[in-house]
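> Pasting in a structure now, in structure tokens, and then I'll have a few things to ask.
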Amino acid sequence: EAPSPGAYETRNDPEESRRAALVSSEAESVAEAHEFLAANLPADAAYFVHISDMHIGGGSESRYPPFGDSGLEFLVAEVSPTPRAERAIREIGQLSPAPAFVVFTGDLSDHGQPDEIEQALSILASLDVPVHITRGNHEWHRETFLRAVSGAAYCEAGRMGEMGFCYTFDGLGARHIVLDSEEIHTGGPQFEWLRAQLVALGDTPGLVYTHRNLK
């Protein structure tokens with residue numbers, strides 16, 4: 001007999017996890033998250049949430065030619081990313097205690113188009129906590145992406161126009177370093193910027209975020 005939807009043990013079995021994801025209600029998912037926090041978060045401790053890959057405008061929502069040619073597009077052809085993203089953000093918004101902040105590590109959009117990026121940012125903006133984002137490979141046009149996020153406090157258009165969408169922020173006793181995996185390369189300006197940030201850490205804990213593996 002299959003475990004009840006959202007049961008923790010389903011996470012060890014990909015097929016059971018897939019079935020649970022399809023039948024779990026929003027309320028069940030939030031209840032499961034609260035159970036996890038209660039069991040693992042010490043009293044008065046804080047935490048943050050990491051999410052990624054909304055791909056707004058992809059699948060059945062697509063109005064543009066396919067991004068790339070992986071041969072796997074058929075897997076998501078009937079998927080509508082927007083309601084899934086909206087549900088995930090609603091669930092995060094119901095967490096208690098609330099996270100200190102959210103980190104989103106790339107692929108807001110599926111085709112890198114301004115309307116897709118703006119829609120994804122609008123969904124994230126419904127959260128009442130700070131959201132820090134990275135650029136993904138689907139945000140393929142740097143200038144388009146920088147224009148879309150220009151209102152963010154951490155957006156420095158001049159510096160980022162030279163080395164990519166990279167910045168730092170402090171939170172929960174650590175320095176958080178956000179990289180642009182589409183621009184960084186050994187010896188380049190962002191690489192040297194990262195080197196300087198790591199040296200400057202000293203004894204401060206540091207976390208580094210990037211959408212794709214660094215080469």
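Each chain in the structure tokens gets a letter, A, B, ..., in the order shown, and its residues are numbered from 1; ligands are numbered from 1 in order too.
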Considering only C-alpha atoms, return as a VMD selection string whatever protein or nucleic-acid residues lie within 10 Å of Pro99 of chain A, sequence-local ones (same chain, fewer than 6 positions apart) excluded.

chain A and resid 46 to 49 92 to 93 128 to 130

> Can I get the selected residues back with C-alpha atoms, as a PDB file, in the first residue's frame?


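Produced file selection_28.pdb, reproduced below:
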```
ATOM      1  CA  ALA A  46      16.123  31.144  12.074  1.00  0.00           C
ATOM      2  CA  TYR A  47      16.366  29.615   8.620  1.00  0.00           C
ATOM      3  CA  PHE A  48      16.089  30.488   4.954  1.00  0.00           C
ATOM      4  CA  VAL A  49      14.432  28.830   1.954  1.00  0.00           C
ATOM      5  CA  ILE A  92       6.398  29.480   1.569  1.00  0.00           C
ATOM      6  CA  GLY A  93       4.264  32.460   2.593  1.00  0.00           C
ATOM      7  CA  ASP A 128       6.742  39.269   2.784  1.00  0.00           C
ATOM      8  CA  VAL A 129      10.421  38.355   3.230  1.00  0.00           C
ATOM      9  CA  PRO A 130      13.492  39.440   1.219  1.00  0.00           C
TER      10      PRO A 130
END
```

> Which residues of segment 73-174 of chain A sit at most 12 Å from segment 191-199 of chain A, using only C-alpha atoms? Give each one's shortest atom pair and distance in Å (one decimal place), in chain and ascending residue order, as a Markdown table.


```
| residue | atom | partner | partner_atom | distance |
| --- | --- | --- | --- | --- |
| A:Arg159 | CA | A:Trp193 | CA | 10.6 |
| A:Met160 | CA | A:Trp193 | CA | 11.2 |
| A:Glu162 | CA | A:Trp193 | CA | 11.4 |
| A:Met163 | CA | A:Trp193 | CA | 8.6 |
| A:Gly164 | CA | A:Phe191 | CA | 10.4 |
| A:Phe165 | CA | A:Trp193 | CA | 11.7 |
| A:Cys166 | CA | A:Leu194 | CA | 8.8 |
| A:Tyr167 | CA | A:Leu194 | CA | 9.4 |
| A:Thr168 | CA | A:Gln197 | CA | 8.5 |
| A:Phe169 | CA | A:Gln197 | CA | 11.2 |
```

> DSSP on the backbone: which residues in segment 12-184 of chain A end up as strand (DSSP E or B)? Give the answer as a list in words.

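Result set for segment 12-184 of chain A (strand (DSSP E or B)): Val49, His50, Ile51, Ile56, Val102, Val103, Phe104, Thr105, Ser109, Val131, His132, Ile133, Thr134, Tyr167, Thr168, Phe169, Asp170, Gly171, Ala174, Arg175, His176, Ile177 and Val178 of chain A.
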
> Go ahead and write the selection's residues with C-alpha atoms as a tab-separated table (two decimals), in the first residue's frame.


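As a result, result_35.tsv now contains:
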```tsv
chain	number	residue	atom	x	y	z
A	49	VAL	CA	14.43	28.83	1.95
A	50	HIS	CA	16.16	27.90	-1.30
A	51	ILE	CA	14.13	27.42	-4.49
A	56	ILE	CA	7.69	30.81	-16.36
A	102	VAL	CA	14.45	33.27	0.21
A	103	VAL	CA	17.21	32.49	-2.30
A	104	PHE	CA	16.13	31.75	-5.88
A	105	THR	CA	18.95	30.26	-7.94
A	109	SER	CA	11.89	32.32	-17.20
A	131	VAL	CA	14.15	37.46	-1.96
A	132	HIS	CA	17.64	37.17	-3.47
A	133	ILE	CA	17.91	35.86	-7.01
A	134	THR	CA	20.58	34.58	-9.34
A	167	TYR	CA	26.62	40.46	-5.48
A	168	THR	CA	26.77	39.70	-1.77
A	169	PHE	CA	24.41	40.02	1.17
A	170	ASP	CA	24.62	39.24	4.86
A	171	GLY	CA	22.15	37.13	6.78
A	174	ALA	CA	26.97	34.47	7.22
A	175	ARG	CA	28.08	36.25	4.06
A	176	HIS	CA	26.15	35.08	0.99
A	177	ILE	CA	27.91	35.34	-2.38
A	178	VAL	CA	25.73	35.24	-5.50
```

> Can you tell me, as a list in words, what residues are no more than 8 Å from Leu108 of chain A when counting only C-alpha atoms, ignoring any on the same chain fewer than 5 positions away?

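With the cut-off at 8 Å, the set is Ser52, Asp53, Met54, His55, Ile56, Glu116, Ile117, Ala120, Leu121, Arg135, Gly136, His138 and Glu139 of chain A.
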
> Can those selected residues be exported to a file as a tab-separated table (two decimals), in the first residue's frame so that it contains N, CA and C atoms?


```
chain	number	residue	atom	x	y	z
A	52	SER	N	14.32	27.19	-6.90
A	52	SER	CA	14.96	27.43	-8.19
A	52	SER	C	14.04	27.03	-9.33
A	53	ASP	N	14.36	27.52	-10.53
A	53	ASP	CA	13.82	27.02	-11.80
A	53	ASP	C	12.29	27.09	-11.92
A	54	MET	N	11.76	28.31	-11.91
A	54	MET	CA	10.33	28.46	-12.19
A	54	MET	C	10.00	28.15	-13.65
A	55	HIS	N	10.84	28.62	-14.55
A	55	HIS	CA	10.63	28.45	-16.00
A	55	HIS	C	9.28	28.99	-16.46
A	56	ILE	N	8.93	30.18	-15.94
A	56	ILE	CA	7.69	30.81	-16.36
A	56	ILE	C	7.70	31.01	-17.88
A	116	GLU	N	8.24	37.23	-19.35
A	116	GLU	CA	8.39	36.04	-18.50
A	116	GLU	C	9.12	36.40	-17.21
A	117	ILE	N	10.22	37.13	-17.34
A	117	ILE	CA	11.01	37.51	-16.16
A	117	ILE	C	10.17	38.38	-15.23
A	120	ALA	N	7.63	36.31	-13.34
A	120	ALA	CA	8.26	35.54	-12.26
A	120	ALA	C	8.60	36.44	-11.08
A	121	LEU	N	9.14	37.61	-11.35
A	121	LEU	CA	9.47	38.54	-10.27
A	121	LEU	C	8.22	38.98	-9.52
A	135	ARG	N	20.94	34.74	-11.70
A	135	ARG	CA	20.60	34.61	-13.11
A	135	ARG	C	20.84	33.17	-13.56
A	136	GLY	N	19.91	32.62	-14.34
A	136	GLY	CA	20.06	31.28	-14.87
A	136	GLY	C	20.44	31.30	-16.35
A	138	HIS	N	18.70	30.29	-18.74
A	138	HIS	CA	17.55	30.66	-19.57
A	138	HIS	C	17.35	32.17	-19.60
A	139	GLU	N	17.98	32.91	-18.69
A	139	GLU	CA	18.03	34.37	-18.80
A	139	GLU	C	19.27	34.70	-19.63
```

> So that I can check the secondary structure, give me every residue of segment 47-150 of chain A assigned helix (DSSP H, G or I) by backbone DSSP, as a ChimeraX atom specification.

/A:59-61,73-76,81-93,114-124,142-148
